[in-house]
$ cat structure33.cif   # mmCIF, C-alpha atoms
data_protein
#
loop_
_atom_site.label_atom_id
_atom_site.label_comp_id
_atom_site.auth_asym_id
_atom_site.auth_seq_id
_atom_site.Cartn_x
_atom_site.Cartn_y
_atom_site.Cartn_z
CA MET A 7 -143.91 103.25 -100.43
CA ASP A 8 -146.71 105.78 -99.85
CA ASP A 9 -144.31 107.74 -97.62
CA LEU A 10 -141.74 107.83 -100.42
CA GLN A 11 -144.35 109.03 -102.92
CA ALA A 12 -145.25 111.87 -100.55
CA LEU A 13 -141.59 112.69 -100.11
CA GLY A 14 -141.14 112.82 -103.89
CA GLN A 15 -144.16 115.07 -104.39
CA ALA A 16 -142.90 117.46 -101.72
CA THR A 17 -139.48 117.55 -103.36
CA ARG A 18 -140.89 118.40 -106.78
CA ALA A 19 -143.01 121.20 -105.31
CA ALA A 20 -140.03 122.55 -103.37
CA ALA A 21 -137.87 122.49 -106.50
CA THR A 22 -140.23 124.95 -108.19
CA LEU A 23 -140.05 127.33 -105.23
CA LEU A 24 -136.28 127.06 -104.86
CA ALA A 25 -135.71 127.75 -108.56
CA ALA A 26 -137.68 130.99 -108.18
CA SER A 27 -135.86 132.07 -105.02
CA SER A 28 -133.34 134.90 -104.87
CA THR A 29 -129.58 134.54 -104.59
CA ALA A 30 -129.78 136.38 -101.26
CA GLN A 31 -132.23 133.82 -99.86
CA ARG A 32 -130.14 130.85 -100.90
CA ASN A 33 -126.97 132.43 -99.55
CA ALA A 34 -128.77 133.21 -96.28
CA ALA A 35 -129.69 129.54 -95.93
CA LEU A 36 -126.06 128.51 -96.48
CA LEU A 37 -124.76 131.00 -93.94
CA ALA A 38 -127.39 129.90 -91.43
CA LEU A 39 -126.27 126.31 -91.96
CA ALA A 40 -122.63 127.31 -91.44
CA ARG A 41 -123.58 129.02 -88.17
CA ARG A 42 -125.38 125.92 -86.93
CA LEU A 43 -122.44 123.70 -87.82
CA ARG A 44 -120.12 125.96 -85.81
CA SER A 45 -122.43 126.06 -82.76
CA PRO A 46 -122.46 123.51 -79.92
CA LEU A 47 -124.22 120.52 -81.45
CA PRO A 48 -125.06 117.96 -78.76
CA GLU A 49 -127.74 116.37 -80.93
CA VAL A 50 -125.32 115.87 -83.84
CA GLN A 51 -122.57 114.59 -81.59
CA ALA A 52 -124.96 112.19 -79.83
CA ALA A 53 -126.26 110.87 -83.16
CA ASN A 54 -122.73 110.40 -84.47
CA GLU A 55 -121.74 108.55 -81.30
CA ARG A 56 -124.65 106.13 -81.81
CA ASP A 57 -123.44 105.42 -85.34
CA LEU A 58 -119.87 104.90 -84.13
CA GLN A 59 -121.01 102.51 -81.41
CA ALA A 60 -123.06 100.51 -83.91
CA ALA A 61 -120.00 100.37 -86.20
CA ALA A 62 -117.66 99.05 -83.50
CA THR A 63 -116.83 95.96 -85.56
CA LEU A 64 -115.82 97.91 -88.68
CA ASN A 65 -112.15 98.45 -89.44
CA ALA A 66 -110.47 101.71 -88.48
CA PRO A 67 -110.60 103.43 -91.93
CA LEU A 68 -114.35 102.81 -92.24
CA ARG A 69 -115.00 104.06 -88.71
CA ASP A 70 -112.87 107.11 -89.45
CA ARG A 71 -115.16 107.99 -92.36
CA LEU A 72 -118.11 108.14 -89.95
CA GLN A 73 -116.45 110.57 -87.54
CA LEU A 74 -118.00 114.02 -87.10
CA ASP A 75 -115.68 115.83 -84.71
CA ALA A 76 -115.47 119.60 -84.20
CA LYS A 77 -112.75 119.96 -86.84
CA ILE A 78 -114.78 118.17 -89.51
CA LEU A 79 -117.89 120.20 -88.69
CA ALA A 80 -115.87 123.44 -88.87
CA THR A 81 -114.56 122.37 -92.29
CA LEU A 82 -118.12 121.71 -93.45
CA ALA A 83 -119.16 125.14 -92.16
CA GLU A 84 -116.31 126.76 -94.07
CA GLY A 85 -117.42 124.94 -97.20
CA CYS A 86 -120.94 126.36 -96.86
CA GLU A 87 -119.49 129.86 -96.49
CA GLN A 88 -117.30 129.41 -99.54
CA ILE A 89 -120.23 128.22 -101.64
CA ALA A 90 -122.30 131.19 -100.47
CA ALA A 91 -119.51 133.50 -101.66
CA LEU A 92 -119.41 131.98 -105.15
CA PRO A 93 -121.18 133.73 -108.06
CA ASP A 94 -124.71 132.47 -108.59
CA PRO A 95 -124.89 130.59 -111.91
CA VAL A 96 -128.70 130.64 -112.02
CA GLY A 97 -130.15 133.16 -114.46
CA GLU A 98 -126.87 133.88 -116.26
CA VAL A 99 -127.46 134.58 -119.97
CA LEU A 100 -124.73 133.33 -122.30
CA ASN A 101 -123.84 133.87 -125.97
CA LEU A 102 -126.49 136.54 -126.57
CA ARG A 103 -126.34 137.63 -130.21
CA ARG A 104 -128.56 139.51 -132.65
CA ARG A 105 -129.89 137.66 -135.69
CA PRO A 106 -130.63 139.23 -139.10
CA SER A 107 -134.34 139.14 -138.26
CA GLY A 108 -133.72 141.53 -135.35
CA ILE A 109 -134.28 139.07 -132.53
CA GLN A 110 -131.59 138.43 -129.91
CA VAL A 111 -130.91 134.78 -129.14
CA GLY A 112 -129.00 133.39 -126.15
CA GLN A 113 -128.98 130.70 -123.50
CA MET A 114 -129.98 131.04 -119.85
CA ARG A 115 -128.53 128.87 -117.10
CA VAL A 116 -131.31 127.30 -114.99
CA PRO A 117 -131.46 124.64 -112.24
CA LEU A 118 -131.88 121.01 -113.30
CA GLY A 119 -134.87 120.77 -110.96
CA ALA A 120 -134.28 117.99 -108.43
CA PHE A 121 -131.64 115.30 -108.07
CA GLY A 122 -131.30 112.17 -106.02
CA MET A 123 -128.01 111.24 -104.39
CA ILE A 124 -127.08 107.79 -103.11
CA TYR A 125 -123.90 107.63 -101.06
CA GLU A 126 -122.05 105.48 -98.56
CA SER A 127 -120.31 105.94 -95.23
CA ARG A 128 -119.36 109.60 -95.05
CA PRO A 129 -122.04 111.77 -93.35
CA ASN A 130 -120.19 114.92 -94.49
CA VAL A 131 -121.64 114.23 -97.96
CA THR A 132 -125.07 115.17 -96.55
CA ILE A 133 -123.87 118.74 -96.02
CA GLU A 134 -121.83 118.93 -99.22
CA ALA A 135 -124.70 117.73 -101.40
CA ALA A 136 -127.27 119.91 -99.64
CA SER A 137 -125.16 123.08 -99.88
CA LEU A 138 -124.48 122.63 -103.60
CA ALA A 139 -128.17 121.89 -104.22
CA ILE A 140 -129.29 125.01 -102.37
CA LYS A 141 -126.84 127.35 -104.13
CA SER A 142 -127.71 125.97 -107.58
CA GLY A 143 -131.45 126.25 -106.94
CA ASN A 144 -132.09 122.48 -106.99
CA ALA A 145 -134.08 120.37 -104.59
CA CYS A 146 -132.61 117.00 -103.66
CA ILE A 147 -133.44 113.66 -102.08
CA LEU A 148 -130.53 112.09 -100.19
CA ARG A 149 -130.08 108.42 -99.38
CA GLY A 150 -127.03 107.81 -97.20
CA GLY A 151 -125.58 104.54 -95.99
CA SER A 152 -127.14 102.63 -93.13
CA GLU A 153 -123.97 102.94 -91.04
CA ALA A 154 -124.39 106.75 -90.90
CA LEU A 155 -128.18 106.95 -90.61
CA GLN A 156 -128.35 108.72 -87.23
CA SER A 157 -125.67 111.27 -88.19
CA ASN A 158 -127.33 111.96 -91.53
CA ARG A 159 -130.71 112.51 -89.86
CA ALA A 160 -129.21 115.04 -87.44
CA LEU A 161 -127.38 116.90 -90.22
CA ALA A 162 -130.45 116.95 -92.48
CA GLN A 163 -132.40 118.51 -89.62
CA LEU A 164 -129.84 121.34 -89.49
CA VAL A 165 -130.20 121.86 -93.23
CA GLN A 166 -133.98 122.03 -93.08
CA ASP A 167 -133.92 124.42 -90.12
CA SER A 168 -131.57 126.69 -92.10
CA LEU A 169 -133.80 126.60 -95.18
CA GLU A 170 -136.81 127.55 -93.07
CA GLU A 171 -134.89 130.40 -91.43
CA ALA A 172 -134.16 131.83 -94.90
CA GLY A 173 -137.82 131.56 -95.96
CA LEU A 174 -137.21 128.55 -98.22
CA PRO A 175 -139.14 125.25 -98.18
CA ARG A 176 -137.82 122.61 -95.77
CA ALA A 177 -138.65 119.95 -98.35
CA ALA A 178 -135.99 121.32 -100.71
CA VAL A 179 -133.52 118.94 -99.05
CA GLN A 180 -134.88 115.62 -97.81
CA LEU A 181 -133.26 112.50 -96.43
CA ILE A 182 -134.85 109.10 -97.02
CA PRO A 183 -135.33 108.03 -93.39
CA THR A 184 -135.01 104.29 -93.91
CA THR A 185 -132.19 101.82 -94.53
CA ASP A 186 -134.48 99.56 -96.56
CA ARG A 187 -132.72 98.74 -99.86
CA ALA A 188 -136.10 98.97 -101.60
CA ALA A 189 -135.86 102.74 -101.11
CA VAL A 190 -132.85 102.78 -103.43
CA GLY A 191 -134.86 100.95 -106.07
CA TRP A 192 -137.68 103.48 -105.70
CA LEU A 193 -135.27 106.39 -106.09
CA LEU A 194 -133.74 104.89 -109.25
CA GLY A 195 -137.17 104.86 -110.86
CA ALA A 196 -138.57 108.13 -109.50
CA THR A 197 -138.75 109.82 -112.91
CA GLU A 198 -141.82 111.81 -111.85
CA PHE A 199 -139.97 113.55 -109.05
CA ILE A 200 -136.26 113.83 -109.87
CA ASP A 201 -134.21 114.65 -112.95
CA LEU A 202 -130.79 113.14 -112.18
CA ILE A 203 -129.24 110.45 -109.99
CA ILE A 204 -125.77 110.89 -108.49
CA PRO A 205 -124.14 107.82 -106.90
CA ARG A 206 -121.10 108.36 -104.68
CA GLY A 207 -119.42 105.31 -103.25
CA GLY A 208 -117.85 102.00 -104.21
CA LYS A 209 -117.85 100.40 -107.62
CA GLY A 210 -120.62 97.96 -106.64
CA LEU A 211 -123.00 100.79 -105.77
CA ILE A 212 -122.24 102.74 -108.92
CA GLU A 213 -122.64 99.66 -111.14
CA ARG A 214 -126.03 98.94 -109.59
CA VAL A 215 -127.20 102.53 -110.05
CA SER A 216 -125.98 102.60 -113.67
CA ARG A 217 -127.70 99.28 -114.41
CA GLU A 218 -131.06 99.94 -112.78
CA ALA A 219 -131.65 103.70 -113.05
CA LYS A 220 -134.47 104.85 -115.31
CA LEU A 221 -133.19 108.44 -115.41
CA PRO A 222 -129.84 110.10 -116.19
CA VAL A 223 -126.89 109.17 -113.96
CA LEU A 224 -123.86 111.34 -113.20
CA LYS A 225 -121.03 108.97 -112.33
CA HIS A 226 -117.63 107.46 -112.80
CA LEU A 227 -116.88 103.79 -112.19
CA ASP A 228 -113.10 103.73 -111.83
CA GLY A 229 -110.18 106.06 -111.36
CA ASN A 230 -107.41 104.28 -113.26
CA CYS A 231 -105.38 107.46 -113.78
CA HIS A 232 -102.10 107.51 -115.72
CA SER A 233 -98.93 109.56 -115.56
CA TYR A 234 -96.74 109.38 -118.68
CA VAL A 235 -93.07 110.40 -118.51
CA ASP A 236 -92.15 111.49 -122.03
CA ALA A 237 -88.78 111.28 -123.74
CA HIS A 238 -88.49 115.07 -123.34
CA ALA A 239 -89.43 115.17 -119.64
CA ASP A 240 -87.53 117.13 -117.02
CA LEU A 241 -86.76 114.04 -114.94
CA ALA A 242 -86.31 115.86 -111.63
CA GLN A 243 -89.69 117.52 -112.10
CA ALA A 244 -91.25 114.26 -113.24
CA LEU A 245 -89.97 112.49 -110.13
CA ARG A 246 -91.63 115.07 -107.85
CA VAL A 247 -94.91 115.08 -109.75
CA VAL A 248 -95.25 111.31 -110.12
CA ASP A 249 -94.41 110.86 -106.43
CA ASN A 250 -97.15 113.30 -105.47
CA ALA A 251 -99.64 111.79 -107.91
CA LYS A 252 -99.21 108.34 -106.38
CA THR A 253 -98.30 108.73 -102.73
CA GLN A 254 -99.72 112.07 -101.49
CA LYS A 255 -102.93 110.11 -100.80
CA VAL A 256 -103.56 106.68 -102.29
CA SER A 257 -107.31 106.22 -101.76
CA PRO A 258 -108.88 109.03 -103.87
CA CYS A 259 -110.04 108.35 -107.42
CA ASN A 260 -107.55 110.91 -108.82
CA ALA A 261 -104.40 109.16 -107.57
CA THR A 262 -102.15 107.79 -110.31
CA GLU A 263 -102.51 104.01 -110.64
CA SER A 264 -100.53 103.43 -113.86
CA LEU A 265 -97.14 104.82 -114.86
CA LEU A 266 -95.92 104.91 -118.47
CA VAL A 267 -92.29 105.80 -119.21
CA HIS A 268 -90.69 106.41 -122.60
CA ARG A 269 -87.92 103.95 -123.41
CA ALA A 270 -85.44 106.80 -123.95
CA VAL A 271 -85.54 107.79 -120.27
CA ALA A 272 -86.64 104.58 -118.52
CA ALA A 273 -83.14 103.44 -117.50
CA ARG A 274 -82.49 106.77 -115.79
CA PHE A 275 -85.93 107.50 -114.35
CA LEU A 276 -87.19 104.19 -112.99
CA PRO A 277 -84.27 103.33 -110.65
CA GLN A 278 -84.55 106.83 -109.13
CA LEU A 279 -88.26 106.30 -108.60
CA ALA A 280 -87.67 102.88 -107.02
CA SER A 281 -85.17 104.40 -104.56
CA LEU A 282 -87.59 107.20 -103.69
CA TRP A 283 -90.49 104.82 -103.10
CA ALA A 284 -88.68 102.00 -101.31
CA PRO A 285 -89.15 103.60 -97.84
CA LYS A 286 -92.81 104.31 -98.64
CA GLY A 287 -93.58 100.69 -99.46
CA VAL A 288 -94.82 101.21 -103.02
CA ARG A 289 -95.30 97.90 -104.85
CA PHE A 290 -94.52 97.79 -108.59
CA HIS A 291 -96.38 95.63 -111.11
CA ALA A 292 -93.93 95.90 -113.97
CA CYS A 293 -93.76 95.04 -117.65
CA PRO A 294 -90.82 92.83 -118.79
CA GLU A 295 -88.73 95.84 -119.84
CA SER A 296 -89.19 97.76 -116.58
CA LEU A 297 -88.91 94.74 -114.29
CA PRO A 298 -85.07 94.70 -114.04
CA LEU A 299 -85.03 98.47 -113.42
CA LEU A 300 -87.27 98.27 -110.34
CA LEU A 301 -85.81 96.43 -107.38
CA GLY A 302 -88.39 94.13 -105.81
CA ALA A 303 -90.99 94.56 -108.56
CA GLU A 304 -93.32 91.76 -109.59
CA PRO A 305 -94.36 90.95 -113.17
CA ALA A 306 -97.51 92.74 -114.31
CA THR A 307 -100.47 90.77 -115.60
CA GLU A 308 -102.92 91.91 -118.25
CA ALA A 309 -105.38 92.72 -115.46
CA ASP A 310 -102.92 95.16 -113.86
CA TRP A 311 -103.17 97.62 -116.75
CA GLY A 312 -106.84 98.27 -116.00
CA THR A 313 -106.76 98.08 -112.20
CA GLU A 314 -107.65 100.90 -109.81
CA TYR A 315 -105.61 99.77 -106.79
CA LEU A 316 -106.51 102.44 -104.19
CA SER A 317 -103.35 101.33 -102.41
CA LEU A 318 -99.57 101.65 -102.64
CA ASP A 319 -99.57 99.48 -105.78
CA ILE A 320 -98.84 100.84 -109.26
CA SER A 321 -98.50 99.30 -112.71
CA VAL A 322 -95.46 100.34 -114.78
CA LYS A 323 -94.96 99.99 -118.53
CA VAL A 324 -92.17 101.17 -120.82
CA VAL A 325 -93.43 102.51 -124.17
CA ASP A 326 -91.51 103.39 -127.29
CA SER A 327 -93.46 106.48 -128.37
CA LEU A 328 -96.01 109.11 -127.46
CA GLU A 329 -98.45 107.34 -129.79
CA ALA A 330 -98.03 104.10 -127.82
CA ALA A 331 -98.66 105.93 -124.53
CA ILE A 332 -101.85 107.53 -125.83
CA ALA A 333 -103.09 104.22 -127.25
CA HIS A 334 -102.43 102.44 -123.94
CA ILE A 335 -104.27 105.11 -121.93
CA ASN A 336 -107.28 105.13 -124.24
CA ARG A 337 -107.48 101.32 -124.09
CA TYR A 338 -106.94 100.69 -120.38
CA GLY A 339 -107.78 104.00 -118.72
CA SER A 340 -111.09 104.93 -117.10
CA HIS A 341 -111.42 108.32 -118.87
CA HIS A 342 -110.96 110.08 -115.53
CA THR A 343 -107.60 111.91 -115.34
CA ASP A 344 -104.30 111.41 -117.17
CA ALA A 345 -101.09 113.47 -117.24
CA ILE A 346 -98.01 113.89 -119.39
CA LEU A 347 -94.62 115.04 -118.09
CA THR A 348 -92.76 116.75 -120.94
CA THR A 349 -90.92 119.91 -122.01
CA HIS A 350 -91.91 119.36 -125.66
CA HIS A 351 -94.89 121.59 -126.47
CA PRO A 352 -96.10 119.68 -129.58
CA SER A 353 -96.15 116.43 -127.58
CA ALA A 354 -98.07 118.11 -124.77
CA MET A 355 -100.67 119.52 -127.18
CA ARG A 356 -101.10 116.19 -128.93
CA PHE A 357 -101.59 114.45 -125.58
CA LEU A 358 -104.26 117.01 -124.60
CA ARG A 359 -106.10 116.55 -127.89
CA GLU A 360 -105.96 112.77 -128.19
CA VAL A 361 -106.29 111.36 -124.67
CA ASP A 362 -110.00 110.70 -124.19
CA SER A 363 -110.40 111.64 -120.53
CA ALA A 364 -112.41 114.11 -118.48
CA SER A 365 -109.23 115.82 -117.20
CA VAL A 366 -105.94 115.84 -119.12
CA MET A 367 -102.87 117.50 -117.61
CA VAL A 368 -99.40 118.67 -118.58
CA ASN A 369 -96.62 118.66 -115.96
CA ALA A 370 -99.02 118.44 -113.02
CA SER A 371 -100.12 115.81 -110.52
CA THR A 372 -103.33 113.92 -111.26
CA ARG A 373 -104.30 114.67 -107.64
CA PHE A 374 -105.37 118.15 -108.82
CA ALA A 375 -108.48 116.68 -110.49
CA ASP A 376 -110.82 118.06 -107.85
CA GLY A 377 -113.62 120.62 -107.79
CA PHE A 378 -111.97 122.75 -105.11
CA GLU A 379 -108.60 122.74 -106.90
CA TYR A 380 -110.33 123.70 -110.17
CA GLY A 381 -111.92 126.73 -108.52
CA LEU A 382 -115.43 125.29 -108.44
CA GLY A 383 -115.70 125.80 -104.68
CA ALA A 384 -116.83 122.22 -104.17
CA GLU A 385 -117.94 119.27 -106.24
CA ILE A 386 -120.92 116.97 -106.18
CA GLY A 387 -118.84 114.28 -107.87
CA ILE A 388 -116.73 113.52 -110.92
CA SER A 389 -118.26 112.49 -114.23
CA THR A 390 -116.53 110.44 -116.91
CA ASP A 391 -119.59 110.65 -119.16
CA LYS A 392 -119.56 113.01 -122.14
CA LEU A 393 -123.07 114.45 -122.01
CA HIS A 394 -124.15 117.33 -119.76
CA ALA A 395 -121.15 117.42 -117.40
CA ARG A 396 -117.63 115.99 -117.53
CA GLY A 397 -114.89 115.96 -114.90
CA PRO A 398 -115.38 117.56 -111.47
CA VAL A 399 -119.00 118.75 -111.24
CA GLY A 400 -119.67 121.95 -109.32
CA LEU A 401 -122.51 124.45 -109.38
CA GLU A 402 -122.63 124.86 -113.16
CA GLY A 403 -122.81 121.08 -113.56
CA LEU A 404 -126.06 121.15 -111.55
CA THR A 405 -127.64 123.53 -114.05
CA SER A 406 -128.92 123.23 -117.59
CA LEU A 407 -129.19 125.73 -120.45
CA LYS A 408 -132.38 126.79 -122.14
CA TRP A 409 -132.69 129.05 -125.16
CA VAL A 410 -134.05 132.55 -124.60
CA VAL A 411 -135.13 135.02 -127.26
CA PHE A 412 -135.57 138.81 -126.90
CA GLY A 413 -137.58 140.65 -129.52
CA GLN A 414 -139.29 143.98 -130.21
CA GLY A 415 -142.30 142.72 -132.09
CA GLU A 416 -140.44 140.87 -134.84
CA CYS A 417 -142.48 138.41 -136.94
CA ARG A 418 -141.10 135.64 -139.13
CA VAL A 419 -141.62 136.05 -142.84
#
$ encode --input "structure33.cif" --output "structure tokens"
Amino acid sequence: MDDLQALGQATRAAATLLAASSTAQRNAALLALARRLRSPLPEVQAANERDLQAAATLNAPLRDRLQLDAKILATLAEGCEQIAALPDPVGEVLNLRRRPSGIQVGQMRVPLGAFGMIYESRPNVTIEAASLAIKSGNACILRGGSEALQSNRALAQLVQDSLEEAGLPRAAVQLIPTTDRAAVGWLLGATEFIDLIIPRGGKGLIERVSREAKLPVLKHLDGNCHSYVDAHADLAQALRVVDNAKTQKVSPCNATESLLVHRAVAARFLPQLASLWAPKGVRFHACPESLPLLLGAEPATEADWGTEYLSLDISVKVVDSLEAAIAHINRYGSHHTDAILTTHHPSAMRFLREVDSASVMVNASTRFADGFEYGLGAEIGISTDKLHARGPVGLEGLTSLKWVVFGQGECRV
């Protein structure tokens, strides 16, 4: 525990130095990290091989998440370069306006300070989290999963070497070097050293973090995303979009898990969808009205409406109005991402206003709910909370606003 206290103290001190650093310094660190990731990396490859050997009994998808081959490292390097090229949010002054007293009042964007990140499996998160922290002027403490410990240590070493090369403190990005679960408990209560906790992993991890953390948490629990095919939908377009939203990749949190279809178009739309998805092996959990329209479907249970499947399963419900679709989404959805397919502008605008989710879309696949697709460069995660940051969280989501006042000797009367 003494080692963790020292780590926390070093992080807090580094956060002060990083917040005062120049954009050029932080960009230099990112470009140095990109160069190291593109260079021959025997130490990283050897560390990754040790993790893979230790994970020999895991199933193929889990082992695949651990892999750090040349292609993945090149992608991580490209991400660092892209983040370096993004505008620096730190120091930006917003909404500056002159008051009757003569003073000018605005808000300045500043780093949060330091954040802790707890994540599972994927060692690439070490680089993604570190690069976003560096660019936004935040220090961070990372706690990866035990299955990727050796890979994470090797990658964190590259990050710290790059920080030092740019004249920045190595302690600005630190990895907890133990797999002891007590370290997670320490991090969740480290209010003296960090300002925010970001969990990234399975529902069990996120529930634990949300339950035990003594400081703010940036998180989402589920990704039960909906696509609603309205009575006024272009059905050919809706077929393409819904297909992409569900089957382009089934495991991400922004894949559509629930399909709502207006009664006026259900008899035409659903059999077409069933034919399209039959070769792909999509399994329907259908309401009584949609069941006869979907060959091979099984009856939906109440639990299906709130389920994030992360598979080729999808719940289907026929609704009789836009109001019913919105009510269903707000009751069973996870406030992550929901979409309407319609050519009727008033319906689209009402859906945008009334669906209570972090991302709401019109005539687009829910799979677009992603920091890169939104032009953020990268994301640290997705938030379904309503305070501070909501939706994909990029650089601006790792900053806060403070009030700034410019005067010329004005005094209050």
$ resolve_selection --input "structure33.cif" --expression "the PyMOL selection byres ((chain A and resi 360-367) around 7)" --output "JSON, numbers by chain"
{"A": [332, 336, 341, 342, 343, 344, 345, 346, 356, 357, 358, 359, 368, 369, 370, 375, 390, 396, 397]}
$ resolve_selection --input "structure33.cif" --expression "the PyMOL selection byres ((chain A and resi 272) around 9)" --output "PyMOL selection string"
chain A and resi 235+237+267-271+273-277+296+299+324
$ closest_residue --input "structure33.cif" --among "A:Ala384, A:Leu347, A:Ala188, A:Leu155" --to "Arg56 (chain A)" --atoms "only C-alpha atoms"
A:Leu155
$ atom_distance --input "structure33.cif" --atom1 "CA of Lys141 (chain A)" --atom2 "CA of Ile204 (chain A)"
17.1 Å
$ closest_residue --input "structure33.cif" --among "A:Gln254, A:Gln180, A:Ser389, A:Thr307" --to "Leu13 (chain A)" --atoms "all atoms listed in the file"
A:Gln180
$ atom_distance --input "structure33.cif" --atom1 "CA of Ala21 (chain A)" --atom2 "CA of Cys146 (chain A)"
8.1 Å
$ residues_around --input "structure33.cif" --residues "Ser137 (chain A)" --least-positions-apart "2" --cutoff "9 Å" --atoms "all atoms listed in the file" --output "list in words"
Ala35, Leu36, Leu39, Gly85, Cys86, Ile89, Ala90, Thr132, Ile133, Glu134, Ala135, Ala139, Ile140, Lys141, Ser142 and Val165 of chain A
$ atom_distance --input "structure33.cif" --atom1 "CA of Met355 (chain A)" --atom2 "CA of Cys259 (chain A)"
24.6 Å
$ residues_around --input "structure33.cif" --residues "region 41-51 of chain A" --least-positions-apart "6" --cutoff "12 Å" --atoms "only C-alpha atoms" --output "number ranges by chain"
A: 34-35, 57-58, 72-87, 129-130, 133, 154-169, 171
$ resolve_selection --input "structure33.cif" --expression "the PyMOL selection byres ((chain A and resi 205) around 8)" --output "list in words"
Met123, Ile124, Tyr125, Ile203, Ile204, Arg206, Gly207, Leu211, Ile212, Val215, Val223, Leu224 and Lys225 of chain A
